[in-house]
$ cat coords.pdb   # PDB, C-alpha atoms, pLDDT in the B column
ATOM      1  CA  MET A  12     -60.012 178.629  65.173  1.00 66.00           C
ATOM      2  CA  ALA A  13     -62.645 178.354  62.457  1.00 84.00           C
ATOM      3  CA  SER A  14     -62.025 176.399  59.286  1.00 92.00           C
ATOM      4  CA  SER A  15     -61.162 178.213  56.087  1.00 93.00           C
ATOM      5  CA  LEU A  16     -63.558 177.982  53.175  1.00 94.00           C
ATOM      6  CA  GLU A  17     -60.578 177.084  50.962  1.00 96.00           C
ATOM      7  CA  TYR A  18     -59.861 173.987  53.071  1.00 96.00           C
ATOM      8  CA  VAL A  19     -63.520 172.924  53.018  1.00 96.00           C
ATOM      9  CA  GLN A  20     -63.603 173.309  49.234  1.00 97.00           C
ATOM     10  CA  PHE A  21     -60.394 171.248  48.953  1.00 97.00           C
ATOM     11  CA  VAL A  22     -61.905 168.430  51.058  1.00 97.00           C
ATOM     12  CA  ALA A  23     -65.135 168.519  49.018  1.00 97.00           C
ATOM     13  CA  ASP A  24     -63.112 168.303  45.794  1.00 97.00           C
ATOM     14  CA  GLN A  25     -61.133 165.322  47.114  1.00 97.00           C
ATOM     15  CA  LEU A  26     -64.440 163.574  47.915  1.00 98.00           C
ATOM     16  CA  SER A  27     -66.071 164.376  44.575  1.00 96.00           C
ATOM     17  CA  GLU A  28     -65.845 160.800  43.235  1.00 96.00           C
ATOM     18  CA  ALA A  29     -68.070 159.506  46.081  1.00 97.00           C
ATOM     19  CA  GLY A  30     -71.223 161.320  44.971  1.00 96.00           C
ATOM     20  CA  VAL A  31     -72.693 164.814  45.096  1.00 96.00           C
ATOM     21  CA  ILE A  32     -70.721 166.523  47.872  1.00 97.00           C
ATOM     22  CA  THR A  33     -72.150 169.658  49.441  1.00 97.00           C
ATOM     23  CA  TYR A  34     -71.295 171.567  52.594  1.00 97.00           C
ATOM     24  CA  LYS A  35     -73.095 173.935  54.901  1.00 96.00           C
ATOM     25  CA  ARG A  36     -71.840 176.293  57.552  1.00 95.00           C
ATOM     26  CA  MET A  37     -72.833 174.997  60.987  1.00 90.00           C
ATOM     27  CA  PHE A  38     -71.926 176.556  64.330  1.00 84.00           C
ATOM     28  CA  GLY A  39     -68.957 178.376  62.836  1.00 85.00           C
ATOM     29  CA  GLU A  40     -67.630 175.227  61.142  1.00 95.00           C
ATOM     30  CA  TYR A  41     -68.859 173.076  58.239  1.00 97.00           C
ATOM     31  CA  GLY A  42     -71.044 169.999  57.820  1.00 96.00           C
ATOM     32  CA  LEU A  43     -70.460 167.830  54.749  1.00 97.00           C
ATOM     33  CA  TYR A  44     -73.142 165.898  52.887  1.00 97.00           C
ATOM     34  CA  CYS A  45     -72.922 163.175  50.258  1.00 97.00           C
ATOM     35  CA  ASP A  46     -76.051 162.767  48.136  1.00 95.00           C
ATOM     36  CA  GLY A  47     -77.998 164.604  50.841  1.00 93.00           C
ATOM     37  CA  LYS A  48     -76.721 162.580  53.824  1.00 95.00           C
ATOM     38  CA  PHE A  49     -74.795 164.369  56.574  1.00 95.00           C
ATOM     39  CA  PHE A  50     -71.664 162.267  57.070  1.00 97.00           C
ATOM     40  CA  ALA A  51     -68.743 164.457  58.082  1.00 97.00           C
ATOM     41  CA  THR A  52     -67.528 167.773  59.447  1.00 97.00           C
ATOM     42  CA  VAL A  53     -64.600 170.080  58.917  1.00 97.00           C
ATOM     43  CA  GLU A  54     -63.579 171.725  62.172  1.00 96.00           C
ATOM     44  CA  ASP A  55     -60.384 173.700  62.804  1.00 95.00           C
ATOM     45  CA  ASP A  56     -59.243 172.770  59.290  1.00 95.00           C
ATOM     46  CA  GLN A  57     -59.438 169.052  60.054  1.00 97.00           C
ATOM     47  CA  PHE A  58     -61.692 166.468  58.379  1.00 97.00           C
ATOM     48  CA  TYR A  59     -63.865 164.193  60.532  1.00 98.00           C
ATOM     49  CA  VAL A  60     -66.165 161.361  59.369  1.00 98.00           C
ATOM     50  CA  LYS A  61     -69.045 159.835  61.332  1.00 97.00           C
ATOM     51  CA  ILE A  62     -68.229 156.508  62.938  1.00 97.00           C
ATOM     52  CA  THR A  63     -70.040 153.511  61.428  1.00 97.00           C
ATOM     53  CA  GLU A  64     -69.426 149.760  61.574  1.00 96.00           C
ATOM     54  CA  ALA A  65     -68.552 149.794  57.870  1.00 97.00           C
ATOM     55  CA  GLY A  66     -66.060 152.615  58.394  1.00 96.00           C
ATOM     56  CA  GLN A  67     -64.505 150.803  61.354  1.00 96.00           C
ATOM     57  CA  ALA A  68     -64.143 147.604  59.304  1.00 97.00           C
ATOM     58  CA  PHE A  69     -62.578 149.583  56.439  1.00 97.00           C
ATOM     59  CA  MET A  70     -60.182 151.429  58.775  1.00 96.00           C
ATOM     60  CA  PRO A  71     -59.525 149.212  61.818  1.00 95.00           C
ATOM     61  CA  GLU A  72     -56.642 151.464  62.925  1.00 94.00           C
ATOM     62  CA  ALA A  73     -58.628 154.703  62.555  1.00 94.00           C
ATOM     63  CA  VAL A  74     -57.987 157.551  64.958  1.00 95.00           C
ATOM     64  CA  ILE A  75     -61.125 158.521  66.878  1.00 96.00           C
ATOM     65  CA  ALA A  76     -61.236 162.148  67.943  1.00 96.00           C
ATOM     66  CA  SER A  77     -63.633 164.664  69.424  1.00 94.00           C
ATOM     67  CA  PRO A  78     -63.884 167.723  67.166  1.00 92.00           C
ATOM     68  CA  HIS A  79     -66.308 169.349  69.618  1.00 90.00           C
ATOM     69  CA  GLU A  80     -67.736 168.510  73.010  1.00 90.00           C
ATOM     70  CA  GLY A  81     -69.742 165.296  73.074  1.00 91.00           C
ATOM     71  CA  ALA A  82     -68.804 164.236  69.528  1.00 92.00           C
ATOM     72  CA  ARG A  83     -66.788 161.216  68.414  1.00 96.00           C
ATOM     73  CA  TYR A  84     -65.677 160.946  64.802  1.00 97.00           C
ATOM     74  CA  PHE A  85     -62.914 159.382  62.753  1.00 97.00           C
ATOM     75  CA  LEU A  86     -60.135 161.921  62.180  1.00 98.00           C
ATOM     76  CA  ILE A  87     -59.047 161.608  58.542  1.00 97.00           C
ATOM     77  CA  GLU A  88     -55.614 163.059  57.950  1.00 95.00           C
ATOM     78  CA  GLU A  89     -54.835 161.364  54.610  1.00 91.00           C
ATOM     79  CA  LEU A  90     -56.585 163.474  51.987  1.00 96.00           C
ATOM     80  CA  ASP A  91     -54.451 162.725  48.921  1.00 96.00           C
ATOM     81  CA  ASP A  92     -55.874 159.265  48.153  1.00 96.00           C
ATOM     82  CA  LYS A  93     -59.183 159.950  46.363  1.00 97.00           C
ATOM     83  CA  GLU A  94     -59.958 156.230  45.977  1.00 97.00           C
ATOM     84  CA  PHE A  95     -59.642 155.714  49.751  1.00 97.00           C
ATOM     85  CA  LEU A  96     -61.831 158.757  50.414  1.00 97.00           C
ATOM     86  CA  ARG A  97     -64.443 157.602  47.891  1.00 97.00           C
ATOM     87  CA  GLU A  98     -64.613 154.137  49.451  1.00 97.00           C
ATOM     88  CA  LEU A  99     -64.787 155.470  53.013  1.00 97.00           C
ATOM     89  CA  THR A 100     -67.508 157.975  52.117  1.00 97.00           C
ATOM     90  CA  GLN A 101     -69.623 155.439  50.252  1.00 97.00           C
ATOM     91  CA  ARG A 102     -69.301 152.793  52.987  1.00 97.00           C
ATOM     92  CA  THR A 103     -70.154 155.341  55.674  1.00 97.00           C
ATOM     93  CA  CYS A 104     -73.143 156.808  53.850  1.00 97.00           C
ATOM     94  CA  ALA A 105     -74.548 153.359  53.039  1.00 96.00           C
ATOM     95  CA  GLN A 106     -75.067 152.871  56.782  1.00 95.00           C
ATOM     96  CA  LEU A 107     -76.535 156.282  57.518  1.00 94.00           C
ATOM     97  CA  PRO A 108     -80.277 156.959  57.325  1.00 86.00           C
ATOM     98  CA  MET A 109     -81.709 159.322  54.760  1.00 82.00           C
ATOM     99  CA  PRO A 110     -82.536 162.706  56.259  1.00 80.00           C
ATOM    100  CA  LYS A 111     -86.108 163.146  57.368  1.00 79.00           C
ATOM    101  CA  PRO A 112     -88.129 165.361  55.042  1.00 78.00           C
ATOM    102  CA  ARG A 113     -88.614 168.806  56.459  1.00 73.00           C
ATOM    103  CA  THR A 114     -92.193 169.748  57.087  1.00 73.00           C
ATOM    104  CA  LYS A 115     -93.430 173.245  56.586  1.00 68.00           C
ATOM    105  CA  LYS A 116     -94.846 174.742  59.704  1.00 65.00           C
ATOM    106  CA  GLY A 117     -98.439 175.849  59.339  1.00 57.00           C
ATOM    107  CA  HIS A 118     -99.225 179.521  59.268  1.00 53.00           C
ATOM    108  CA  ARG A 119    -101.126 180.805  62.236  1.00 56.00           C
ATOM    109  CA  GLN A 120    -104.450 182.390  61.621  1.00 55.00           C
ATOM    110  CA  PRO A 121    -104.540 186.005  62.802  1.00 57.00           C
ATOM    111  CA  MET A 122    -106.736 186.579  65.809  1.00 56.00           C
ATOM    112  CA  HIS A 123    -109.724 188.917  65.290  1.00 58.00           C
TER     113      HIS A 123
END

$ encode --input "coords.pdb" --output "structure tokens"
Amino acid sequence: MASSLEYVQFVADQLSEAGVITYKRMFGEYGLYCDGKFFATVEDDQFYVKITEAGQAFMPEAVIASPHEGARYFLIEELDDKEFLRELTQRTCAQLPMPKPRTKKGHRQPMH
């Protein structure tokens, strides 16, 4: 079951105090970004955050789930506490690397 856009927008709104939250459709679900860093997904209308040491220290009792094969994320079911979500997002993103700049692929010269 794919996630609804309405749910993704709700999650993004709840996270809005953490930074600039954007989302992108990925493999039929959604990837979430904070200030350009990929840090979470919404899959089957559930919110998952990447596992980091800072996130683990902040939520020692966190539920770890697999939203898709080969993935391990924190499952975040409490979405009403914006302060908690802001803190979790900021702690998580502080430990994630900045995305690598995308390079433009060179144009091939036509063969004569």

$ closest_atom_pairs --input "coords.pdb" --of "range 66-110 of chain A" --to "range 44-62 of chain A" --cutoff "9 Å" --atoms "all atoms listed in the file" --output "CSV"
residue,atom,partner,partner_atom,distance
A:Gly66,CA,A:Ile62,CA,6.4
A:Gln67,CA,A:Ile62,CA,7.0
A:Ile75,CA,A:Ile62,CA,8.4
A:Ala76,CA,A:Tyr59,CA,8.1
A:Ser77,CA,A:Tyr59,CA,8.9
A:Pro78,CA,A:Glu54,CA,6.4
A:His79,CA,A:Glu54,CA,8.3
A:Arg83,CA,A:Ile62,CA,7.4
A:Tyr84,CA,A:Lys61,CA,5.0
A:Phe85,CA,A:Val60,CA,5.1
A:Leu86,CA,A:Tyr59,CA,4.7
A:Ile87,CA,A:Phe58,CA,5.5
A:Glu88,CA,A:Phe58,CA,7.0
A:Leu90,CA,A:Phe58,CA,8.7
A:Leu99,CA,A:Val60,CA,8.8
A:Thr100,CA,A:Cys45,CA,7.7
A:Gln101,CA,A:Cys45,CA,8.4
A:Thr103,CA,A:Phe50,CA,7.2
A:Cys104,CA,A:Phe50,CA,6.5
A:Leu107,CA,A:Lys48,CA,7.3
A:Pro108,CA,A:Lys48,CA,7.5
A:Met109,CA,A:Lys48,CA,6.0
A:Pro110,CA,A:Lys48,CA,6.3

$ closest_residue --input "coords.pdb" --among "A:Val22, A:Leu43, A:Ala82, A:Leu96" --to "Met70 in chain A" --atoms "all atoms listed in the file"
A:Leu96

$ closest_residue --input "coords.pdb" --among "A:Gln25, A:Ser14, A:Gln106, A:Thr114" --to "Glu40 in chain A" --atoms "all atoms listed in the file"
A:Ser14

$ build_atoms --input "coords.pdb" --residues "range 51-69 of chain A" --atoms "N, CA and C atoms" --output "tab-separated table (two decimals), in the coordinates of the input"
chain	number	residue	atom	x	y	z
A	51	ALA	N	-70.06	164.01	57.64
A	51	ALA	CA	-68.74	164.46	58.08
A	51	ALA	C	-68.77	165.94	58.47
A	52	THR	N	-67.70	166.36	59.13
A	52	THR	CA	-67.53	167.77	59.45
A	52	THR	C	-66.09	168.19	59.13
A	53	VAL	N	-65.93	169.47	58.94
A	53	VAL	CA	-64.60	170.08	58.92
A	53	VAL	C	-64.60	171.08	60.06
A	54	GLU	N	-63.70	170.85	61.01
A	54	GLU	CA	-63.58	171.72	62.17
A	54	GLU	C	-62.11	172.00	62.41
A	55	ASP	N	-61.78	173.28	62.62
A	55	ASP	CA	-60.38	173.70	62.80
A	55	ASP	C	-59.48	173.17	61.69
A	56	ASP	N	-59.98	173.24	60.47
A	56	ASP	CA	-59.24	172.77	59.29
A	56	ASP	C	-58.80	171.32	59.42
A	57	GLN	N	-59.66	170.49	60.01
A	57	GLN	CA	-59.44	169.05	60.05
A	57	GLN	C	-60.72	168.36	59.61
A	58	PHE	N	-60.57	167.21	58.96
A	58	PHE	CA	-61.69	166.47	58.38
A	58	PHE	C	-62.07	165.30	59.28
A	59	TYR	N	-63.35	165.23	59.65
A	59	TYR	CA	-63.86	164.19	60.53
A	59	TYR	C	-65.05	163.49	59.85
A	60	VAL	N	-65.09	162.15	59.96
A	60	VAL	CA	-66.17	161.36	59.37
A	60	VAL	C	-66.91	160.63	60.48
A	61	LYS	N	-68.23	160.56	60.35
A	61	LYS	CA	-69.04	159.84	61.33
A	61	LYS	C	-68.56	158.40	61.47
A	62	ILE	N	-68.63	157.88	62.67
A	62	ILE	CA	-68.23	156.51	62.94
A	62	ILE	C	-69.38	155.56	62.60
A	63	THR	N	-69.08	154.57	61.75
A	63	THR	CA	-70.04	153.51	61.43
A	63	THR	C	-69.30	152.18	61.51
A	64	GLU	N	-70.05	151.09	61.58
A	64	GLU	CA	-69.43	149.76	61.57
A	64	GLU	C	-68.65	149.54	60.28
A	65	ALA	N	-69.22	149.98	59.16
A	65	ALA	CA	-68.55	149.79	57.87
A	65	ALA	C	-67.25	150.60	57.81
A	66	GLY	N	-67.27	151.80	58.35
A	66	GLY	CA	-66.06	152.62	58.39
A	66	GLY	C	-65.01	151.99	59.29
A	67	GLN	N	-65.43	151.45	60.42
A	67	GLN	CA	-64.50	150.80	61.35
A	67	GLN	C	-63.87	149.57	60.71
A	68	ALA	N	-64.68	148.79	59.98
A	68	ALA	CA	-64.14	147.60	59.30
A	68	ALA	C	-63.16	148.00	58.20
A	69	PHE	N	-63.44	149.10	57.52
A	69	PHE	CA	-62.58	149.58	56.44
A	69	PHE	C	-61.28	150.17	56.98
